[in-house]
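Novice: What follows is coords_14.pdb, PDB, C-alpha atoms.
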ATOM      1  CA  MET A  18     -42.651 -55.851 -66.366
ATOM      2  CA  VAL A  19     -41.021 -56.022 -62.939
ATOM      3  CA  ARG A  20     -40.131 -52.611 -61.545
ATOM      4  CA  SER A  21     -36.383 -52.085 -61.442
ATOM      5  CA  CYS A  22     -34.018 -49.310 -60.453
ATOM      6  CA  ILE A  23     -30.263 -49.353 -60.981
ATOM      7  CA  ILE A  24     -27.939 -47.075 -59.018
ATOM      8  CA  VAL A  25     -24.340 -46.730 -60.170
ATOM      9  CA  ALA A  26     -22.173 -44.686 -57.803
ATOM     10  CA  ASP A  27     -18.679 -43.687 -56.806
ATOM     11  CA  ALA A  28     -17.456 -41.082 -54.310
ATOM     12  CA  ARG A  29     -18.227 -38.208 -56.712
ATOM     13  CA  ARG A  30     -21.360 -39.168 -58.622
ATOM     14  CA  ALA A  31     -24.446 -41.380 -58.427
ATOM     15  CA  ARG A  32     -26.515 -42.191 -61.504
ATOM     16  CA  PHE A  33     -30.060 -43.570 -61.196
ATOM     17  CA  TYR A  34     -31.484 -45.646 -64.054
ATOM     18  CA  GLY A  35     -34.806 -47.241 -64.840
ATOM     19  CA  ILE A  36     -35.231 -50.323 -67.046
ATOM     20  CA  GLU A  37     -37.737 -49.956 -69.865
ATOM     21  CA  PRO A  38     -38.717 -52.004 -72.912
ATOM     22  CA  SER A  39     -36.699 -51.091 -76.000
ATOM     23  CA  ASP A  40     -38.438 -49.278 -78.813
ATOM     24  CA  GLY A  41     -37.989 -50.322 -82.386
ATOM     25  CA  GLU A  42     -37.155 -53.594 -84.094
ATOM     26  CA  SER A  43     -35.050 -55.278 -81.399
ATOM     27  CA  ARG A  44     -37.004 -56.605 -78.457
ATOM     28  CA  GLY A  45     -35.476 -56.357 -75.028
ATOM     29  CA  THR A  46     -34.711 -53.652 -72.536
ATOM     30  CA  SER A  47     -32.823 -50.404 -72.311
ATOM     31  CA  LEU A  48     -31.645 -48.208 -69.458
ATOM     32  CA  VAL A  49     -33.040 -44.713 -69.051
ATOM     33  CA  GLU A  50     -31.173 -42.303 -66.803
ATOM     34  CA  ARG A  51     -33.587 -40.766 -64.293
ATOM     35  CA  MET A  52     -31.350 -38.680 -62.062
ATOM     36  CA  VAL A  53     -27.716 -37.759 -61.342
ATOM     37  CA  LEU A  54     -26.380 -36.749 -57.925
ATOM     38  CA  THR A  55     -22.966 -35.164 -57.600
ATOM     39  CA  ASN A  56     -20.737 -34.935 -54.577
ATOM     40  CA  PRO A  57     -18.275 -32.027 -54.703
ATOM     41  CA  SER A  58     -14.677 -33.113 -55.002
ATOM     42  CA  PRO A  59     -12.877 -33.595 -51.689
ATOM     43  CA  ARG A  60     -10.106 -31.405 -53.129
ATOM     44  CA  GLU A  61     -12.583 -28.530 -53.493
ATOM     45  CA  ARG A  62     -13.589 -29.000 -49.869
ATOM     46  CA  GLY A  63      -9.918 -29.108 -48.819
ATOM     47  CA  ARG A  64      -9.422 -25.353 -49.144
ATOM     48  CA  SER A  65      -9.370 -22.994 -46.231
ATOM     49  CA  VAL A  66     -11.621 -19.973 -45.893
ATOM     50  CA  THR A  67      -8.877 -17.782 -47.356
ATOM     51  CA  GLY A  68      -8.530 -20.034 -50.402
ATOM     52  CA  ARG A  69      -5.077 -21.333 -49.506
ATOM     53  CA  VAL A  70      -4.489 -25.058 -49.549
ATOM     54  CA  ARG A  71      -4.260 -26.455 -46.035
ATOM     55  CA  THR A  72      -0.906 -27.925 -45.079
ATOM     56  CA  GLU A  73      -0.425 -31.541 -44.066
ATOM     57  CA  THR A  74       1.391 -30.785 -40.803
ATOM     58  CA  ASN A  75       1.299 -28.240 -37.994
ATOM     59  CA  THR A  76       4.447 -26.147 -38.494
ATOM     60  CA  ASP A  77       3.815 -23.605 -35.744
ATOM     61  CA  ARG A  78       6.537 -24.413 -33.196
ATOM     62  CA  GLN A  79       4.745 -22.489 -30.434
ATOM     63  CA  ALA A  80       1.616 -24.632 -30.850
ATOM     64  CA  GLY A  81       3.478 -27.717 -29.635
ATOM     65  CA  PRO A  82       4.751 -30.828 -31.394
ATOM     66  CA  MET A  83       4.000 -31.361 -35.057
ATOM     67  CA  HIS A  84       1.050 -33.680 -35.762
ATOM     68  CA  PRO A  85       0.246 -35.052 -39.192
ATOM     69  CA  MET A  86      -3.243 -34.248 -40.411
ATOM     70  CA  VAL A  87      -3.501 -37.225 -42.742
ATOM     71  CA  ALA A  88      -5.562 -39.365 -40.358
ATOM     72  CA  GLN A  89      -7.929 -36.485 -39.632
ATOM     73  CA  ARG A  90      -8.382 -35.809 -43.338
ATOM     74  CA  GLU A  91      -9.116 -39.475 -44.014
ATOM     75  CA  ARG A  92     -11.836 -39.487 -41.328
ATOM     76  CA  HIS A  93     -13.264 -36.317 -42.868
ATOM     77  CA  ARG A  94     -13.316 -37.891 -46.356
ATOM     78  CA  VAL A  95     -15.088 -40.979 -45.015
ATOM     79  CA  GLU A  96     -17.654 -38.764 -43.263
ATOM     80  CA  LEU A  97     -18.301 -36.864 -46.509
ATOM     81  CA  GLU A  98     -18.750 -40.171 -48.356
ATOM     82  CA  ARG A  99     -21.088 -41.410 -45.590
ATOM     83  CA  ARG A 100     -23.266 -38.307 -45.996
ATOM     84  CA  PHE A 101     -23.271 -38.763 -49.766
ATOM     85  CA  GLY A 102     -24.287 -42.394 -49.224
ATOM     86  CA  GLN A 103     -27.189 -41.269 -47.048
ATOM     87  CA  GLU A 104     -28.300 -38.866 -49.793
ATOM     88  CA  ILE A 105     -28.154 -41.693 -52.349
ATOM     89  CA  ALA A 106     -30.302 -43.868 -50.066
ATOM     90  CA  ARG A 107     -32.780 -41.029 -49.495
ATOM     91  CA  ARG A 108     -33.193 -40.411 -53.227
ATOM     92  CA  ALA A 109     -33.551 -44.143 -53.923
ATOM     93  CA  GLY A 110     -36.259 -44.246 -51.249
ATOM     94  CA  GLU A 111     -38.117 -41.456 -53.051
ATOM     95  CA  ILE A 112     -37.954 -43.344 -56.351
ATOM     96  CA  VAL A 113     -39.293 -46.620 -54.937
ATOM     97  CA  ARG A 114     -41.641 -45.102 -52.326
ATOM     98  CA  ASP A 115     -44.807 -46.509 -53.938
ATOM     99  CA  TRP A 116     -43.314 -49.885 -54.829
ATOM    100  CA  LYS A 117     -44.460 -52.970 -52.933
ATOM    101  CA  GLN A 118     -42.141 -55.230 -54.912
ATOM    102  CA  GLY A 119     -39.366 -54.862 -57.442
ATOM    103  CA  THR A 120     -35.602 -54.941 -57.741
ATOM    104  CA  LEU A 121     -33.032 -52.333 -56.847
ATOM    105  CA  VAL A 122     -29.500 -52.939 -58.146
ATOM    106  CA  LEU A 123     -26.761 -51.032 -56.318
ATOM    107  CA  ILE A 124     -23.370 -50.868 -58.028
ATOM    108  CA  ALA A 125     -20.724 -48.891 -56.201
ATOM    109  CA  GLU A 126     -17.103 -48.801 -55.125
ATOM    110  CA  PRO A 127     -16.591 -51.244 -52.234
ATOM    111  CA  ARG A 128     -16.268 -48.577 -49.520
ATOM    112  CA  LEU A 129     -19.264 -46.561 -50.747
ATOM    113  CA  LEU A 130     -21.278 -49.768 -51.098
ATOM    114  CA  GLY A 131     -20.691 -50.443 -47.410
ATOM    115  CA  LEU A 132     -21.692 -46.889 -46.504
ATOM    116  CA  VAL A 133     -24.931 -46.970 -48.556
ATOM    117  CA  ARG A 134     -26.085 -50.489 -47.661
ATOM    118  CA  GLU A 135     -27.627 -49.849 -44.221
ATOM    119  CA  PRO A 136     -29.369 -46.504 -44.932
ATOM    120  CA  LEU A 137     -30.753 -47.990 -48.151
ATOM    121  CA  ARG A 138     -32.242 -51.027 -46.410
ATOM    122  CA  ARG A 139     -33.969 -48.723 -43.892
ATOM    123  CA  VAL A 140     -35.873 -46.810 -46.611
ATOM    124  CA  LEU A 141     -36.953 -49.775 -48.756
ATOM    125  CA  HIS A 142     -40.141 -51.811 -48.474
ATOM    126  CA  PRO A 143     -39.396 -55.447 -47.482
ATOM    127  CA  GLY A 144     -40.770 -56.694 -50.823
ATOM    128  CA  ILE A 145     -38.029 -54.920 -52.793
ATOM    129  CA  GLU A 146     -35.092 -57.158 -53.612
ATOM    130  CA  VAL A 147     -31.655 -55.527 -53.371
ATOM    131  CA  LYS A 148     -28.818 -56.794 -55.552
ATOM    132  CA  GLU A 149     -25.297 -55.453 -55.015
ATOM    133  CA  LEU A 150     -22.134 -55.335 -57.078
ATOM    134  CA  ALA A 151     -18.842 -53.861 -55.828
ATOM    135  CA  LYS A 152     -17.576 -52.214 -59.031
ATOM    136  CA  ASP A 153     -17.057 -48.697 -60.336
ATOM    137  CA  TYR A 154     -19.205 -48.490 -63.475
ATOM    138  CA  THR A 155     -20.063 -44.767 -63.298
ATOM    139  CA  GLN A 156     -18.185 -43.987 -66.522
ATOM    140  CA  LEU A 157     -20.113 -46.536 -68.629
ATOM    141  CA  ALA A 158     -22.805 -45.539 -71.096
ATOM    142  CA  PRO A 159     -26.230 -47.137 -70.496
ATOM    143  CA  ALA A 160     -25.789 -49.724 -73.287
ATOM    144  CA  GLU A 161     -22.348 -50.718 -71.976
ATOM    145  CA  LEU A 162     -23.717 -50.956 -68.457
ATOM    146  CA  LEU A 163     -26.439 -53.344 -69.632
ATOM    147  CA  GLU A 164     -23.809 -55.519 -71.332
ATOM    148  CA  HIS A 165     -21.773 -55.703 -68.099
ATOM    149  CA  LEU A 166     -24.772 -56.491 -65.880
ATOM    150  CA  ALA A 167     -26.670 -59.022 -68.015
ATOM    151  CA  PRO A 168     -24.132 -61.902 -67.676
ATOM    152  CA  ASP A 169     -24.430 -61.701 -63.862
ATOM    153  CA  SER A 170     -28.260 -61.788 -64.169
ATOM    154  CA  LEU A 171     -28.532 -58.388 -62.482
ATOM    155  CA  VAL A 172     -30.675 -57.117 -65.376
ATOM    156  CA  PRO A 173     -32.406 -58.879 -68.272
ATOM    157  CA  ALA A 174     -30.195 -59.481 -71.311
ATOM    158  CA  ARG A 175     -30.678 -57.065 -74.223
ATOM    159  CA  GLY A 176     -32.404 -59.597 -76.414
ATOM    160  CA  ALA A 177     -34.484 -61.119 -73.608
ATOM    161  CA  SER A 178     -37.873 -60.047 -72.438
ATOM    162  CA  ALA A 179     -37.861 -58.051 -69.189
ATOM    163  CA  ARG A 180     -40.802 -59.958 -67.684
TER     164      ARG A 180
END
Give the structure from this file in structure tokens form.
Specialist:
Amino acid sequence: MVRSCIIVADARRARFYGIEPSDGESRGTSLVERMVLTNPSPRERGRSVTGRVRTETNTDRQAGPMHPMVAQRERHRVELERRFGQEIARRAGEIVRDWKQGTLVLIAEPRLLGLVREPLRRVLHPGIEVKELAKDYTQLAPAELLEHLAPDSLVPARGASAR
């Protein structure tokens, strides 16, 4: 069986799966969840030290003209997602550290996919094939995920052999 790892991620959570032969009567494969990473909600990080919600504009007239904070907050959110993407890549590197060949399937929201792509390629051995899909499948159960990925040939079909 070819070694495979599937990572399904969005801005809040990353789920790491391994593909294993199914037990029982039906031949084929099944997904086994290996690890879950969570990224605290940006709303939780948007509170001040005192616990009050930060305002969107500077309303102190003595501090000068009012400046919206929306652009600054967006840059902060992207930076938090970038750090989460680096953590995803680091953990994926730990999983496939001993692999010389295999397949890693990365399924993530389009922006997170772009943020994870480069750090992930730096930690992988050149013999590991990377397949990408820009979708948010984090809410799917393992069996549903297999059904969504098999038609695109990202994983073996349920009834097919994984070799």
Novice: Go ahead and compute the interatomic distance for atom CA of Gly110 of chain A and atom CA of Pro136 of chain A, in Å to one decimal.
Specialist: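 So the answer is 9.6 Å.
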Novice: I'd like to know which of A:Asp27, A:Glu50, A:Glu146, A:Asp169 is closest to Lys117 of chain A, using all atoms listed in the file.
Specialist: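 Under the stated criterion, the closest residue is A:Glu146.
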Novice: Which residue gives the smallest distance to Phe101 of chain A among A:Ala28, A:Asp153, A:Val113, A:Glu126, with only C-alpha atoms counted?
Specialist: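 Ranking A:Ala28, A:Asp153, A:Val113, A:Glu126 by distance to Phe101 of chain A, first place goes to A:Ala28.
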Novice: Looking at A:Val19, A:Leu54, A:Ala158, A:Val49, which one is nearest to Gln118 of chain A, with distances taken over all atoms listed in the file?
Specialist: A:Val19
Novice: Please write as a list in words the full residue list that the PyMOL selection byres ((chain A and resi 121) around 6) yields on this file.
Specialist: Ser21, Cys22, Ile23, Thr120, Val122 and Val147 of chain A
Novice: Convert the output of the PyMOL selection byres ((chain A and resi 103-106) around 8) on the shown file into explicit residues, formatted as a ChimeraX atom specification.
Specialist: /A:31,54,99-102,107-110,132-133,136-137,140
Novice: Using Å and a single decimal, report how far atom CA of Ile112 of chain A sits from atom CA of Gln156 of chain A.
Specialist: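 Atom CA of Ile112 of chain A lies 22.2 Å from atom CA of Gln156 of chain A.
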Novice: Taking only C-alpha atoms into account, which of A:Arg134, A:Arg139, A:Pro159, A:Leu171 comes nearest Arg51 of chain A?
Specialist: A:Pro159
Novice: By how many Å are atom CA of Ile24 of chain A and atom CA of Arg92 of chain A apart?
Specialist: 25.1 Å
Novice: Quick check on the file I pasted: which residues fall under the PyMOL selection byres ((chain A and resi 37) around 7)? Write them as a PDB file with C-alpha atoms, keeping the file's coordinate frame.
Specialist:
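Written out: part_25.pdb:
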ATOM      1  CA  GLY A  35     -34.806 -47.241 -64.840  1.00  0.00           C
ATOM      2  CA  ILE A  36     -35.231 -50.323 -67.046  1.00  0.00           C
ATOM      3  CA  PRO A  38     -38.717 -52.004 -72.912  1.00  0.00           C
ATOM      4  CA  SER A  39     -36.699 -51.091 -76.000  1.00  0.00           C
ATOM      5  CA  THR A  46     -34.711 -53.652 -72.536  1.00  0.00           C
ATOM      6  CA  SER A  47     -32.823 -50.404 -72.311  1.00  0.00           C
ATOM      7  CA  LEU A  48     -31.645 -48.208 -69.458  1.00  0.00           C
TER       8      LEU A  48
END
Novice: Would you please work out which residue, of A:Leu129, A:Arg94, A:Met52, A:Ala26, is nearest to Glu111 of chain A when using all atoms listed in the file?
Specialist: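 Using all atoms listed in the file, the shortest distance to Glu111 of chain A belongs to A:Met52.
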Novice: Tell me which of A:Thr55, A:Glu91, A:Arg20, A:Leu166 sits closest to Gly119 of chain A, counting all atoms listed in the file.
Specialist: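 Closest to Gly119 of chain A, using all atoms listed in the file: A:Arg20.
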Novice: Can I get N, CA, C and O atoms for segment 124-149 of chain A, as a compact mmCIF listing (two decimals), in the first residue's frame?
Specialist:
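Output (decode11.txt):
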# COMPACT_ATOMS: atom_id res chain seq x y z
N ILE A 124 -6.28 19.62 1.39
CA ILE A 124 -7.58 20.19 1.04
C ILE A 124 -7.83 21.33 2.01
O ILE A 124 -7.89 21.12 3.22
N ALA A 125 -7.95 22.53 1.47
CA ALA A 125 -8.11 23.69 2.34
C ALA A 125 -8.84 24.80 1.60
O ALA A 125 -8.97 24.78 0.37
N GLU A 126 -9.31 25.78 2.38
CA GLU A 126 -9.90 26.97 1.78
C GLU A 126 -8.83 27.60 0.88
O GLU A 126 -7.64 27.49 1.16
N PRO A 127 -9.24 28.28 -0.19
CA PRO A 127 -8.26 28.82 -1.13
C PRO A 127 -7.17 29.69 -0.50
O PRO A 127 -5.98 29.52 -0.81
N ARG A 128 -7.53 30.59 0.40
CA ARG A 128 -6.51 31.46 1.00
C ARG A 128 -5.55 30.65 1.88
O ARG A 128 -4.34 30.82 1.81
N LEU A 129 -6.08 29.75 2.70
CA LEU A 129 -5.22 28.93 3.56
C LEU A 129 -4.36 28.00 2.72
O LEU A 129 -3.19 27.78 3.05
N LEU A 130 -4.90 27.49 1.63
CA LEU A 130 -4.12 26.63 0.74
C LEU A 130 -2.89 27.38 0.24
O LEU A 130 -1.78 26.84 0.23
N GLY A 131 -3.07 28.63 -0.14
CA GLY A 131 -1.93 29.44 -0.58
C GLY A 131 -0.92 29.70 0.53
O GLY A 131 0.29 29.76 0.27
N LEU A 132 -1.40 29.83 1.76
CA LEU A 132 -0.51 30.09 2.88
C LEU A 132 0.26 28.85 3.33
O LEU A 132 1.35 28.95 3.88
N VAL A 133 -0.31 27.66 3.11
CA VAL A 133 0.32 26.41 3.55
C VAL A 133 1.26 25.84 2.49
O VAL A 133 2.24 25.17 2.81
N ARG A 134 0.99 26.14 1.24
CA ARG A 134 1.69 25.50 0.12
C ARG A 134 3.22 25.59 0.23
O ARG A 134 3.91 24.58 0.20
N GLU A 135 3.77 26.75 0.39
CA GLU A 135 5.23 26.92 0.40
C GLU A 135 5.89 26.30 1.64
O GLU A 135 6.86 25.55 1.50
N PRO A 136 5.39 26.56 2.86
CA PRO A 136 6.03 25.90 4.01
C PRO A 136 5.93 24.38 3.94
O PRO A 136 6.85 23.67 4.37
N LEU A 137 4.86 23.87 3.36
CA LEU A 137 4.69 22.42 3.25
C LEU A 137 5.72 21.83 2.29
O LEU A 137 6.34 20.81 2.59
N ARG A 138 5.93 22.46 1.17
CA ARG A 138 6.91 21.96 0.20
C ARG A 138 8.33 21.97 0.76
O ARG A 138 9.15 21.14 0.38
N ARG A 139 8.62 22.89 1.67
CA ARG A 139 9.96 22.95 2.28
C ARG A 139 10.23 21.78 3.21
O ARG A 139 11.39 21.39 3.38
N VAL A 140 9.19 21.21 3.84
CA VAL A 140 9.42 20.15 4.83
C VAL A 140 9.26 18.75 4.25
O VAL A 140 9.57 17.78 4.93
N LEU A 141 8.82 18.64 3.00
CA LEU A 141 8.59 17.32 2.41
C LEU A 141 9.79 16.83 1.59
O LEU A 141 10.48 17.61 0.95
N HIS A 142 9.99 15.52 1.62
CA HIS A 142 11.00 14.87 0.79
C HIS A 142 10.55 15.00 -0.68
O HIS A 142 9.35 14.93 -0.96
N PRO A 143 11.48 15.17 -1.62
CA PRO A 143 11.10 15.33 -3.03
C PRO A 143 10.30 14.17 -3.61
O PRO A 143 9.56 14.35 -4.58
N GLY A 144 10.41 12.99 -3.03
CA GLY A 144 9.67 11.82 -3.54
C GLY A 144 8.21 11.79 -3.14
O GLY A 144 7.46 10.93 -3.60
N ILE A 145 7.78 12.71 -2.30
CA ILE A 145 6.38 12.74 -1.85
C ILE A 145 5.58 13.63 -2.78
O ILE A 145 5.89 14.80 -2.96
N GLU A 146 4.55 13.04 -3.38
CA GLU A 146 3.68 13.77 -4.29
C GLU A 146 2.66 14.56 -3.48
O GLU A 146 2.07 14.04 -2.54
N VAL A 147 2.45 15.82 -3.86
CA VAL A 147 1.47 16.66 -3.18
C VAL A 147 0.31 16.91 -4.14
O VAL A 147 0.52 17.37 -5.27
N LYS A 148 -0.89 16.59 -3.69
CA LYS A 148 -2.11 16.88 -4.44
C LYS A 148 -2.88 17.92 -3.65
O LYS A 148 -2.96 17.83 -2.43
N GLU A 149 -3.47 18.89 -4.35
CA GLU A 149 -4.18 19.98 -3.68
C GLU A 149 -5.60 20.09 -4.19
O GLU A 149 -5.88 19.82 -5.36
